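K.L.:
Hey, dropping start-v7.txt in here, compact mmCIF, C-alpha atoms:
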# COMPACT_ATOMS: atom_id res chain seq x y z
CA MET A 1473 -29.16 2.21 -9.35
CA THR A 1474 -31.76 1.20 -11.91
CA ASN A 1475 -29.88 3.50 -14.28
CA VAL A 1476 -26.89 1.15 -14.00
CA VAL A 1477 -29.08 -1.85 -14.78
CA ASN A 1478 -30.60 -0.01 -17.73
CA ALA A 1479 -27.12 0.92 -18.99
CA LEU A 1480 -26.12 -2.75 -18.85
CA MET A 1481 -29.30 -3.83 -20.61
CA ASN A 1482 -28.74 -1.36 -23.45
CA ALA A 1483 -25.00 -1.86 -23.88
CA LYS A 1484 -23.60 -3.81 -26.81
CA LYS A 1485 -19.97 -3.77 -25.67
CA PRO A 1486 -19.89 -3.50 -21.85
CA VAL A 1487 -16.72 -3.74 -19.75
CA ILE A 1488 -16.11 -3.64 -15.99
CA PHE A 1489 -12.83 -2.06 -14.86
CA VAL A 1490 -11.85 -3.35 -11.41
CA GLY A 1491 -9.50 -1.57 -9.00
CA ASN A 1492 -8.15 -2.30 -5.55
CA GLY A 1493 -11.15 -0.60 -3.94
CA VAL A 1494 -13.04 -3.85 -4.51
CA ARG A 1495 -10.52 -5.69 -2.32
CA GLN A 1496 -10.49 -2.96 0.32
CA SER A 1497 -14.28 -3.02 0.58
CA GLY A 1498 -14.25 -6.80 1.07
CA SER A 1499 -16.42 -7.29 -2.00
CA ILE A 1500 -14.43 -9.69 -4.16
CA ASP A 1501 -16.82 -12.63 -3.78
CA LEU A 1502 -19.85 -10.39 -4.28
CA LEU A 1503 -18.40 -8.96 -7.50
CA LYS A 1504 -17.70 -12.46 -8.82
CA GLN A 1505 -21.26 -13.55 -8.02
CA ILE A 1506 -22.59 -10.62 -10.05
CA LEU A 1507 -20.17 -11.29 -12.90
CA SER A 1508 -21.24 -14.92 -13.07
CA GLN A 1509 -24.77 -13.62 -13.62
CA ILE A 1510 -24.19 -10.78 -16.08
CA GLN A 1511 -21.14 -12.27 -17.89
CA VAL A 1512 -19.40 -8.98 -18.69
CA PRO A 1513 -15.66 -8.85 -19.64
CA VAL A 1514 -13.33 -7.60 -16.89
CA LEU A 1515 -10.23 -5.41 -16.98
CA THR A 1516 -8.11 -4.82 -13.86
CA THR A 1517 -5.63 -2.28 -12.54
CA TRP A 1518 -2.21 -3.34 -11.27
CA ARG A 1519 -3.38 -3.28 -7.66
CA ALA A 1520 -6.27 -5.59 -8.50
CA ALA A 1521 -4.32 -7.84 -10.86
CA ASP A 1522 -4.44 -10.93 -8.65
CA LEU A 1523 -8.23 -10.85 -8.23
CA PHE A 1524 -8.76 -12.77 -11.49
CA LEU A 1525 -6.89 -15.74 -12.92
CA GLU A 1526 -5.55 -15.60 -16.45
CA SER A 1527 -7.77 -18.60 -17.21
CA ASP A 1528 -10.96 -16.81 -16.12
CA PRO A 1529 -13.12 -16.58 -19.27
CA LEU A 1530 -14.19 -13.03 -18.36
CA TYR A 1531 -10.71 -11.68 -17.65
CA VAL A 1532 -9.27 -9.73 -20.61
CA GLY A 1533 -6.25 -7.82 -19.35
CA ARG A 1534 -4.68 -4.82 -17.64
CA PRO A 1535 -4.86 -1.57 -19.62
CA GLY A 1536 -2.84 1.62 -19.25
CA MET A 1537 -0.19 3.81 -20.81
CA ILE A 1538 2.23 0.97 -20.09
CA GLY A 1539 -0.25 -1.85 -20.44
CA GLN A 1540 -1.40 -4.79 -22.47
CA ARG A 1541 -2.21 -3.97 -26.05
CA GLY A 1542 -5.34 -6.11 -26.30
CA ALA A 1543 -6.72 -4.68 -23.04
CA ASN A 1544 -6.29 -1.16 -24.40
CA PHE A 1545 -8.13 -2.02 -27.60
CA ILE A 1546 -11.02 -3.36 -25.52
CA LEU A 1547 -11.05 -0.31 -23.26
CA GLN A 1548 -11.00 2.12 -26.16
CA SER A 1549 -13.76 0.40 -28.13
CA CYS A 1550 -16.32 -0.46 -25.41
CA ASP A 1551 -19.63 1.41 -25.22
CA LEU A 1552 -20.15 1.04 -21.46
CA LEU A 1553 -17.38 1.20 -18.86
CA ILE A 1554 -18.17 0.62 -15.18
CA CYS A 1555 -15.16 1.57 -13.03
CA LEU A 1556 -15.14 0.05 -9.54
CA GLY A 1557 -12.69 1.35 -6.96
CA THR A 1558 -10.02 2.54 -9.39
CA ARG A 1559 -8.59 6.05 -9.17
CA LEU A 1560 -8.21 6.42 -12.94
CA ASP A 1561 -4.83 7.99 -12.34
CA LEU A 1562 -2.69 9.55 -15.06
CA ALA A 1563 -0.96 6.27 -15.92
CA GLN A 1564 -4.33 4.60 -16.48
CA ILE A 1565 -5.75 7.34 -18.69
CA ALA A 1566 -2.45 8.27 -20.41
CA PHE A 1567 -2.67 11.89 -19.24
CA ASN A 1568 -5.75 12.37 -21.40
CA TYR A 1569 -9.21 12.15 -19.85
CA ASN A 1570 -10.85 13.12 -23.14
CA GLY A 1571 -9.19 10.21 -24.93
CA PHE A 1572 -9.99 7.61 -22.25
CA ALA A 1573 -12.68 5.15 -23.42
CA PRO A 1574 -13.95 7.93 -25.71
CA ASN A 1575 -16.98 6.05 -27.06
CA ALA A 1576 -18.23 4.70 -23.74
CA LYS A 1577 -20.79 5.75 -21.21
CA LYS A 1578 -18.62 5.83 -18.08
CA ILE A 1579 -19.97 5.01 -14.62
CA VAL A 1580 -17.29 5.62 -11.97
CA VAL A 1581 -17.73 4.40 -8.39
CA ASP A 1582 -15.29 5.77 -5.81
CA ILE A 1583 -15.51 6.45 -2.09
CA ASP A 1584 -13.38 9.61 -2.40
CA ILE A 1585 -15.18 12.60 -3.90
CA SER A 1586 -11.86 14.25 -4.77
CA GLU A 1587 -11.04 11.33 -7.07
CA LEU A 1588 -14.34 11.83 -8.89
CA ASN A 1589 -13.95 15.60 -9.11
CA LYS A 1590 -10.58 15.38 -10.85
CA ILE A 1591 -12.09 13.64 -13.88
CA THR A 1592 -12.63 16.31 -16.50
CA THR A 1593 -14.84 14.42 -18.96
CA ASN A 1594 -18.49 13.46 -18.88
CA ILE A 1595 -19.01 10.58 -16.45
CA THR A 1596 -21.73 9.33 -14.18
CA PRO A 1597 -20.04 9.64 -10.77
CA ILE A 1598 -21.24 7.53 -7.86
CA GLN A 1599 -19.63 8.44 -4.55
CA GLY A 1600 -19.64 5.70 -1.98
CA SER A 1601 -18.29 2.33 -0.99
CA VAL A 1602 -17.92 -0.18 -3.81
CA GLY A 1603 -19.33 -2.79 -1.45
CA ILE A 1604 -22.55 -0.84 -0.93
CA PHE A 1605 -22.80 -0.20 -4.68
CA LEU A 1606 -22.42 -3.89 -5.51
CA ARG A 1607 -24.96 -5.00 -2.90
CA GLN A 1608 -27.47 -2.53 -4.32
CA LEU A 1609 -26.67 -3.64 -7.87
CA GLN A 1610 -27.24 -7.26 -6.89
CA ASN A 1611 -30.63 -6.36 -5.41
CA ASP A 1612 -31.57 -4.38 -8.50
CA LEU A 1613 -30.61 -7.26 -10.76
CA LYS A 1614 -32.86 -9.56 -8.71
CA SER A 1615 -35.76 -7.20 -9.21
CA VAL A 1616 -35.52 -7.51 -12.97
CA THR A 1617 -37.93 -9.99 -14.53
CA LYS A 1618 -36.81 -13.52 -13.80
CA GLY A 1619 -34.72 -15.02 -16.56
CA VAL A 1620 -33.87 -11.71 -18.27
CA TRP A 1621 -30.22 -11.80 -17.30
CA THR A 1622 -29.85 -15.43 -18.27
CA LEU A 1623 -31.15 -14.52 -21.72
CA ARG A 1624 -28.96 -11.38 -21.86
CA ALA A 1625 -25.79 -13.24 -20.89
CA LYS A 1626 -26.56 -15.82 -23.59
CA CYS A 1627 -27.46 -13.20 -26.18
CA PRO A 1628 -25.43 -13.97 -29.36
CA SER A 1629 -24.07 -10.42 -29.56
CA TRP A 1630 -22.83 -10.50 -25.94
CA ILE A 1631 -21.31 -13.94 -26.42
CA LYS A 1632 -19.57 -12.67 -29.54
CA TRP A 1633 -18.29 -9.62 -27.63
CA ARG A 1634 -16.86 -11.79 -24.83
CA VAL A 1635 -15.16 -14.08 -27.36
CA HIS A 1636 -13.82 -11.06 -29.25
CA CYS A 1637 -12.33 -9.54 -26.07
CA LYS A 1638 -10.67 -12.77 -24.92
CA ALA A 1639 -9.27 -13.38 -28.39
CA LEU A 1640 -7.80 -9.87 -28.56
CA HIS A 1641 -6.14 -10.29 -25.19
CA GLU A 1642 -4.64 -13.69 -26.03
CA LYS A 1643 -3.54 -12.65 -29.52
CA TYR A 1644 -1.45 -9.71 -28.40
CA GLN A 1645 -0.12 -11.39 -25.26
CA SER A 1646 1.24 -14.22 -27.41
CA ARG A 1647 3.24 -11.66 -29.40
CA LEU A 1648 4.60 -9.69 -26.44
CA VAL A 1649 7.92 -11.45 -25.73
CA GLU A 1650 8.85 -11.53 -29.40
CA GLU A 1651 7.82 -7.89 -29.81
CA ALA A 1652 10.13 -6.95 -26.93
CA ALA A 1653 13.01 -9.01 -28.33
CA ILE A 1654 13.04 -6.96 -31.54
CA GLN A 1655 13.79 -3.80 -29.53
CA GLY A 1656 16.53 -5.24 -27.32
CA SER A 1657 19.98 -6.73 -27.73
CA LYS A 1658 20.14 -10.25 -29.15
CA ASP A 1659 23.11 -11.05 -26.90
CA ALA A 1660 21.53 -10.10 -23.57
CA LEU A 1661 18.87 -11.68 -21.39
CA SER A 1662 15.44 -10.11 -21.95
CA LEU A 1663 13.55 -9.08 -18.83
CA TYR A 1664 10.37 -10.19 -20.59
CA ARG A 1665 11.77 -13.65 -21.24
CA PHE A 1666 13.09 -14.02 -17.70
CA LEU A 1667 9.75 -13.12 -16.09
CA LYS A 1668 7.96 -15.43 -18.51
CA THR A 1669 10.32 -18.24 -17.44
CA LEU A 1670 9.78 -17.46 -13.74
CA ASN A 1671 5.98 -17.22 -14.12
CA PRO A 1672 5.06 -20.95 -13.69
CA TYR A 1673 6.87 -21.04 -10.33
CA LEU A 1674 4.76 -18.18 -8.94
CA LYS A 1675 1.71 -20.40 -8.45
CA ASP A 1676 0.59 -20.33 -4.79
CA LYS A 1677 3.27 -17.71 -4.01
CA ILE A 1678 3.21 -14.25 -2.47
CA VAL A 1679 5.10 -11.98 -4.85
CA VAL A 1680 6.45 -8.62 -3.68
CA LEU A 1681 7.44 -6.14 -6.39
CA GLY A 1682 9.73 -3.15 -6.08
CA SER A 1683 8.34 0.34 -6.77
CA SER A 1684 6.52 1.01 -10.04
CA GLY A 1685 9.36 1.36 -12.54
CA THR A 1686 10.51 -1.05 -15.23
CA ILE A 1687 10.26 -4.16 -13.03
CA ALA A 1688 6.60 -3.56 -12.17
CA GLU A 1689 5.74 -2.37 -15.67
CA VAL A 1690 7.05 -5.48 -17.38
CA PHE A 1691 5.76 -7.81 -14.66
CA PHE A 1692 2.19 -6.60 -15.10
CA GLN A 1693 2.50 -6.77 -18.87
CA VAL A 1694 3.83 -10.29 -19.22
CA VAL A 1695 2.99 -12.34 -16.09
CA GLU A 1696 -0.15 -14.47 -16.00
CA ILE A 1697 -2.01 -14.72 -12.71
CA LEU A 1698 -2.03 -18.33 -11.52
CA PRO A 1699 -3.99 -19.98 -8.69
CA GLY A 1700 -2.88 -18.91 -5.22
CA MET A 1701 -0.85 -15.91 -6.34
CA ARG A 1702 -0.97 -12.74 -4.23
CA ILE A 1703 0.87 -9.65 -5.45
CA ILE A 1704 2.08 -6.87 -3.15
CA ASN A 1705 3.19 -3.67 -4.85
CA THR A 1706 3.08 0.09 -4.52
CA PRO A 1707 1.94 1.75 -7.74
CA GLY A 1708 0.15 4.49 -5.82
CA LEU A 1709 3.38 6.19 -4.77
CA GLY A 1710 5.92 4.04 -6.58
CA SER A 1711 8.44 4.41 -3.75
CA MET A 1712 11.86 2.95 -4.45
CA GLY A 1713 13.21 0.97 -1.50
CA PHE A 1714 9.79 -0.59 -0.91
CA ALA A 1715 10.52 -4.20 -1.77
CA ILE A 1716 12.83 -5.54 0.96
CA ALA A 1717 10.82 -4.09 3.84
CA ALA A 1718 7.54 -5.14 2.19
CA ALA A 1719 8.83 -8.69 1.72
CA ILE A 1720 9.72 -8.88 5.40
CA GLY A 1721 6.30 -7.54 6.33
CA ALA A 1722 4.52 -9.93 3.95
CA HIS A 1723 6.28 -12.89 5.54
CA TYR A 1724 5.35 -11.89 9.08
CA ALA A 1725 1.77 -11.10 8.05
CA THR A 1726 1.26 -14.52 6.48
CA GLY A 1727 3.99 -16.83 7.77
CA ARG A 1728 4.59 -17.84 4.16
CA GLU A 1729 7.58 -17.95 1.86
CA ILE A 1730 8.04 -14.85 -0.27
CA ILE A 1731 9.39 -14.14 -3.75
CA CYS A 1732 10.62 -10.58 -4.07
CA ILE A 1733 11.43 -9.08 -7.49
CA ASP A 1734 13.22 -5.73 -7.46
CA GLY A 1735 15.48 -3.56 -9.59
CA ASP A 1736 19.12 -2.95 -8.73
CA GLY A 1737 18.57 0.78 -8.13
CA SER A 1738 15.50 0.33 -5.96
CA PHE A 1739 17.08 -2.58 -4.04
CA ALA A 1740 19.98 -0.36 -2.94
CA MET A 1741 17.63 2.14 -1.28
CA ASN A 1742 16.96 -0.09 1.77
CA ILE A 1743 19.71 -2.66 1.42
CA GLN A 1744 20.52 -2.50 5.15
CA GLU A 1745 17.29 -4.46 5.80
CA LEU A 1746 19.02 -7.58 4.44
CA ALA A 1747 20.63 -7.83 7.88
CA VAL A 1748 17.17 -8.61 9.28
CA VAL A 1749 16.56 -11.25 6.61
CA ASP A 1750 19.97 -12.80 7.29
CA GLY A 1751 19.82 -12.65 11.08
CA LEU A 1752 16.33 -14.15 11.31
CA GLN A 1753 16.84 -16.49 8.33
CA LEU A 1754 13.59 -15.40 6.74
CA PRO A 1755 12.34 -17.50 3.80
CA ILE A 1756 12.58 -14.76 1.17
CA GLN A 1757 13.92 -15.33 -2.34
CA PHE A 1758 15.16 -12.06 -3.87
CA TYR A 1759 15.45 -11.69 -7.63
CA VAL A 1760 17.36 -8.47 -8.20
CA ILE A 1761 17.20 -7.31 -11.82
CA ASN A 1762 20.54 -5.77 -12.78
CA ASN A 1763 19.91 -3.49 -15.74
CA GLY A 1764 22.81 -1.17 -14.98
CA GLY A 1765 20.90 1.33 -12.86
CA TYR A 1766 17.68 3.11 -13.80
CA VAL A 1767 16.83 1.94 -17.28
CA SER A 1768 13.41 3.63 -17.37
CA ILE A 1769 15.04 6.96 -16.57
CA ARG A 1770 17.69 6.36 -19.25
CA ASN A 1771 14.96 5.68 -21.78
CA THR A 1772 13.27 8.97 -20.86
CA GLN A 1773 16.61 10.75 -21.16
CA ASP A 1774 17.11 9.14 -24.57
CA ASN A 1775 13.67 10.19 -25.74
CA LEU A 1776 13.42 13.71 -24.33
CA CYS A 1777 16.88 14.81 -23.14
CA GLU A 1778 19.05 14.14 -26.20
CA LYS A 1779 20.46 10.96 -24.62
CA ARG A 1780 22.17 12.81 -21.77
CA HIS A 1781 22.43 10.18 -19.02
CA LEU A 1782 22.76 11.83 -15.62
CA GLY A 1783 22.35 9.85 -12.41
CA SER A 1784 20.87 6.88 -14.23
CA GLU A 1785 23.81 4.56 -14.93
CA ILE A 1786 27.25 3.54 -13.79
CA GLY A 1787 29.63 6.14 -15.23
CA GLY A 1788 26.88 8.75 -15.31
CA GLY A 1789 26.93 9.70 -11.65
CA LEU A 1790 25.20 6.61 -10.24
CA TYR A 1791 26.98 4.26 -7.86
CA LEU A 1792 25.48 0.92 -6.84
CA PRO A 1793 26.90 -1.89 -4.69
CA ASN A 1794 28.35 -5.07 -6.15
CA LEU A 1795 25.63 -7.55 -5.19
CA CYS A 1796 27.91 -10.58 -5.09
CA SER A 1797 30.40 -8.87 -2.76
CA MET A 1798 27.61 -7.47 -0.64
CA ALA A 1799 25.85 -10.84 -0.26
CA SER A 1800 29.11 -12.49 0.85
CA ASN A 1801 28.91 -10.48 4.06
CA TYR A 1802 25.85 -12.43 5.17
CA ASP A 1803 26.14 -15.96 6.54
CA ASN A 1804 22.61 -17.10 5.73
CA ILE A 1805 21.87 -15.54 2.34
CA GLU A 1806 22.75 -17.74 -0.60
CA TYR A 1807 23.92 -15.77 -3.66
CA SER A 1808 23.54 -16.86 -7.28
CA CYS A 1809 23.40 -15.10 -10.62
CA ILE A 1810 21.65 -15.56 -13.95
CA TYR A 1811 22.74 -13.99 -17.20
CA ASN A 1812 21.01 -16.48 -19.46
CA TYR A 1813 17.55 -17.88 -18.81
CA TYR A 1814 18.73 -21.37 -19.82
CA TYR A 1815 20.50 -21.53 -16.44
CA PHE A 1816 17.44 -20.54 -14.48
CA LYS A 1817 16.60 -22.82 -11.57
CA PRO A 1818 13.23 -22.91 -9.78
CA PRO A 1819 13.00 -20.81 -6.60
CA ASN A 1820 13.44 -22.54 -3.25
CA ASN A 1821 12.21 -20.30 -0.49
CA SER A 1822 13.05 -22.44 2.51
CA LEU A 1823 16.09 -20.24 3.22
CA PRO A 1824 16.92 -16.65 2.28
CA ALA A 1825 18.57 -16.25 -1.11
CA LEU A 1826 19.59 -13.49 -3.48
CA CYS A 1827 19.67 -14.13 -7.21
CA GLU A 1828 21.16 -11.41 -9.38
CA VAL A 1829 19.55 -11.39 -12.84
CA GLY A 1830 21.65 -9.61 -15.43
CA VAL A 1831 19.36 -8.31 -18.17
CA ASP A 1832 19.71 -6.12 -21.22
CA THR A 1833 20.96 -2.68 -20.13
CA ARG A 1834 19.36 -1.27 -23.29
CA HIS A 1835 15.96 -2.69 -22.34
CA GLN A 1836 12.95 -1.05 -23.97
CA THR A 1837 9.51 -1.49 -22.41
CA VAL A 1838 7.17 -2.16 -25.30
CA CYS A 1839 3.41 -1.66 -25.59
CA ARG A 1840 3.49 1.80 -24.10
CA THR A 1841 2.39 5.26 -25.08
CA LYS A 1842 5.16 7.29 -26.68
CA THR A 1843 5.72 10.85 -25.54
CA ARG A 1844 6.94 13.48 -27.97
CA ARG A 1845 7.90 17.10 -27.55
CA MET A 1846 5.74 19.53 -29.51
CA SER A 1847 7.01 22.68 -31.25
CA ASP A 1848 5.98 24.81 -28.25
CA GLY A 1849 7.87 22.54 -25.83
CA ALA A 1850 4.79 20.81 -24.46
CA LEU A 1851 4.83 17.02 -24.08
CA GLN A 1852 2.14 14.91 -25.70
CA ALA A 1853 1.58 11.18 -25.27
CA SER A 1854 0.13 8.92 -27.94
CA SER A 1855 -3.37 7.54 -27.36
CA LEU A 1856 -4.10 4.35 -25.44
CA GLU A 1857 -5.02 2.41 -28.59
CA ASN A 1858 -1.84 3.53 -30.35
CA LEU A 1859 0.96 1.98 -28.29
CA TRP A 1860 4.59 1.85 -29.32
CA PRO A 1861 5.92 -0.07 -31.28
CA PHE A 1862 3.20 1.36 -33.48
CA LEU A 1863 0.97 -0.93 -35.48
CA SER A 1864 -0.47 -0.12 -38.88
CA LYS A 1865 -3.67 1.90 -39.00
CA ASP A 1866 -5.39 -1.07 -40.63
CA GLU A 1867 -4.48 -3.44 -37.79
CA ILE A 1868 -5.62 -0.96 -35.16
CA LYS A 1869 -8.89 -0.40 -37.00
CA GLN A 1870 -9.49 -4.15 -37.29
CA ALA A 1871 -8.79 -4.69 -33.57
CA MET A 1872 -11.15 -1.86 -32.62
CA THR A 1873 -13.97 -3.03 -34.89
CA PHE A 1874 -16.73 -5.20 -33.47
Could you render the structure from this file as structure tokens?
P.N.:
Amino acid sequence: MTNVVNALMNAKKPVIFVGNGVRQSGSIDLLKQILSQIQVPVLTTWRAADLFLESDPLYVGRPGMIGQRGANFILQSCDLLICLGTRLDLAQIAFNYNGFAPNAKKIVVDIDISELNKITTNITPIQGSVGIFLRQLQNDLKSVTKGVWTLRAKCPSWIKWRVHCKALHEKYQSRLVEEAAIQGSKDALSLYRFLKTLNPYLKDKIVVLGSSGTIAEVFFQVVEILPGMRIINTPGLGSMGFAIAAAIGAHYATGREIICIDGDGSFAMNIQELAVVDGLQLPIQFYVINNGGYVSIRNTQDNLCEKRHLGSEIGGGLYLPNLCSMASNYDNIEYSCIYNYYYFKPPNNSLPALCEVGVDTRHQTVCRTKTRRMSDGALQASSLENLWPFLSKDEIKQAMTF
């Protein structure tokens, strides 16, 4: 463990990458105690997104192949990356272990040896519980000469690095909605703008997200974590049909009101469960994003399949229920619809409700790696620091320079 302390002492640009294993090990408070001492910038995975508020001075984003641009710049330019309880799956490393944090010494802590063995680049693997690791790290930090960490945390270069990371995150987040608007239709409601409008009303709410397609991707790109928010999602398997049943379960587990955000295609997978919500009058507010089917699949078909839409839209072999007609069959579920964010009204979870949100059917998820087909037919994704829509080489270089 002293090697970890030494790595921290010698790092100029350290980052801690936090996954859901920290929550599962019951070590959230312990991690925050250590962070308050060492003052190192923090990135999170989707599953760990609600562990840090947007306002936390150490929090600097959620990286990935569909991530936040500033977070990716930080990840790709750090010189020490300590990964705690995150699987480093293909979406996090953009299918390229060699290109993941290429300039960093990587210390990866995971309880599952198979997760460590799959990583094909040079790392320092530590198999074991994140909780045990953090308790040992805390003890090792205490053994260091008194006052050293106070001086290190206040070191001008570390202060400058923290300020640089926070500024990068805020700079590119402020551009995100406008960046998305350029790619979409000017006449349709942007999913980015809708979620940004909904965001302030998610304070102190349990939010259940459907699967890990467009809805989850955009949510974790644009939404800021506010006090009291708890997010339930399933990026591990990304199972469509997850949201309605999970919302019911979340209510019974907590007794609280629930906001559920799901896509029209995913919502239809378990739509019969609305009978439970209706019959028991559960306080669940559903926001069903109507993008005309499976927009993420259509985008893949546009990019790699010569725009042949099969099974991804109405008229292309996909059939979805009319939500207004369907909701009318239930006595206790109030139906409403939004096709312009100006008519948005704050959620009221005291009774079950279903709000259909009609968004741009030509939606493009921005700040993502772009996959292209090579001459031999192989697929290759762009690097994590080079997200689409592509920036100039000069801007990327400037963002990566510290």
K.L.:
Got a sec: who's within 9 Å of Leu1670 of chain A, counting all atoms listed in the file, leaving out chain neighbours fewer than 2 positions off, as a list of chain:residue names?
P.N.:
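After dropping sequence-adjacent residues, the list is A:Arg1665, A:Phe1666, A:Leu1667, A:Lys1668, A:Pro1672, A:Tyr1673, A:Leu1674, A:Val1695, A:Phe1816, A:Lys1817, A:Pro1818, A:Pro1819.
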K.L.:
Which residues are close to Gly1708 of chain A, i.e. within 9 Å by all atoms listed in the file, leaving aside same-chain residues fewer than 3 positions away? Reply as a ChimeraX atom specification.
P.N.:
/A:1519,1561,1684,1705,1711
K.L.:
Mind checking which residues fall within 12 Å of Asn1794 of chain A, counting only C-alpha atoms, ignoring those fewer than 4 positions away in the same chain, and posting them as a PyMOL selection string?
P.N.:
chain A and resi 1736-1737+1739-1740+1743+1760+1762+1764-1765+1786+1798-1801+1807+1828
K.L.:
Which residue out of A:Cys1777, A:Tyr1814, A:Thr1669, A:Thr1841 has the minimum interatomic distance to Pro1535 of chain A when all atoms listed in the file are used?
P.N.:
A:Thr1841
K.L.:
State, in Å with one decimal place, the distance from atom CA of Val1616 of chain A to atom CA of Pro1529 of chain A.
P.N.:
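Result for atom CA of Val1616 of chain A versus atom CA of Pro1529 of chain A: 25.0 Å, one decimal.
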K.L.:
Nearest to Ala1543 of chain A among A:Ala1521, A:Ala1479, A:Ala1563, A:Val1514, with distances taken over only C-alpha atoms: which residue is it?
P.N.:
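Of the candidates, the smallest distance to Ala1543 of chain A is held by A:Val1514.
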K.L.:
Provide the atom CA of Ile1654 of chain A to atom CA of Ala1871 of chain A distance in Å, to one decimal place.
P.N.:
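A separation of 22.0 Å between them.
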K.L.:
Pick out the residues sitting within 10 Å of Lys1842 of chain A, and hand them over as a ChimeraX atom specification; count all atoms listed in the file, and ignore anything fewer than 4 positions along from it in its own chain.
P.N.:
/A:1537-1538,1566,1775,1838,1852-1856,1858-1862
K.L.:
Using only C-alpha atoms, find each residue in segment 1612-1717 of chain A having at least one atom no more than 12 Å away from segment 1754-1758 of chain A; report its shortest atom-to-atom pair and that distance in Å (one decimal), rows by chain then rising number, as CSV.
P.N.:
residue,atom,partner,partner_atom,distance
A:Leu1674,CA,A:Gln1757,CA,11.6
A:Lys1677,CA,A:Gln1757,CA,11.0
A:Ile1678,CA,A:Ile1756,CA,10.1
A:Val1679,CA,A:Gln1757,CA,9.8
A:Val1680,CA,A:Phe1758,CA,9.4
A:Leu1681,CA,A:Phe1758,CA,10.0
A:Gly1682,CA,A:Phe1758,CA,10.7
A:Ala1715,CA,A:Phe1758,CA,9.4
A:Ile1716,CA,A:Phe1758,CA,8.4
A:Ala1717,CA,A:Ile1756,CA,11.1
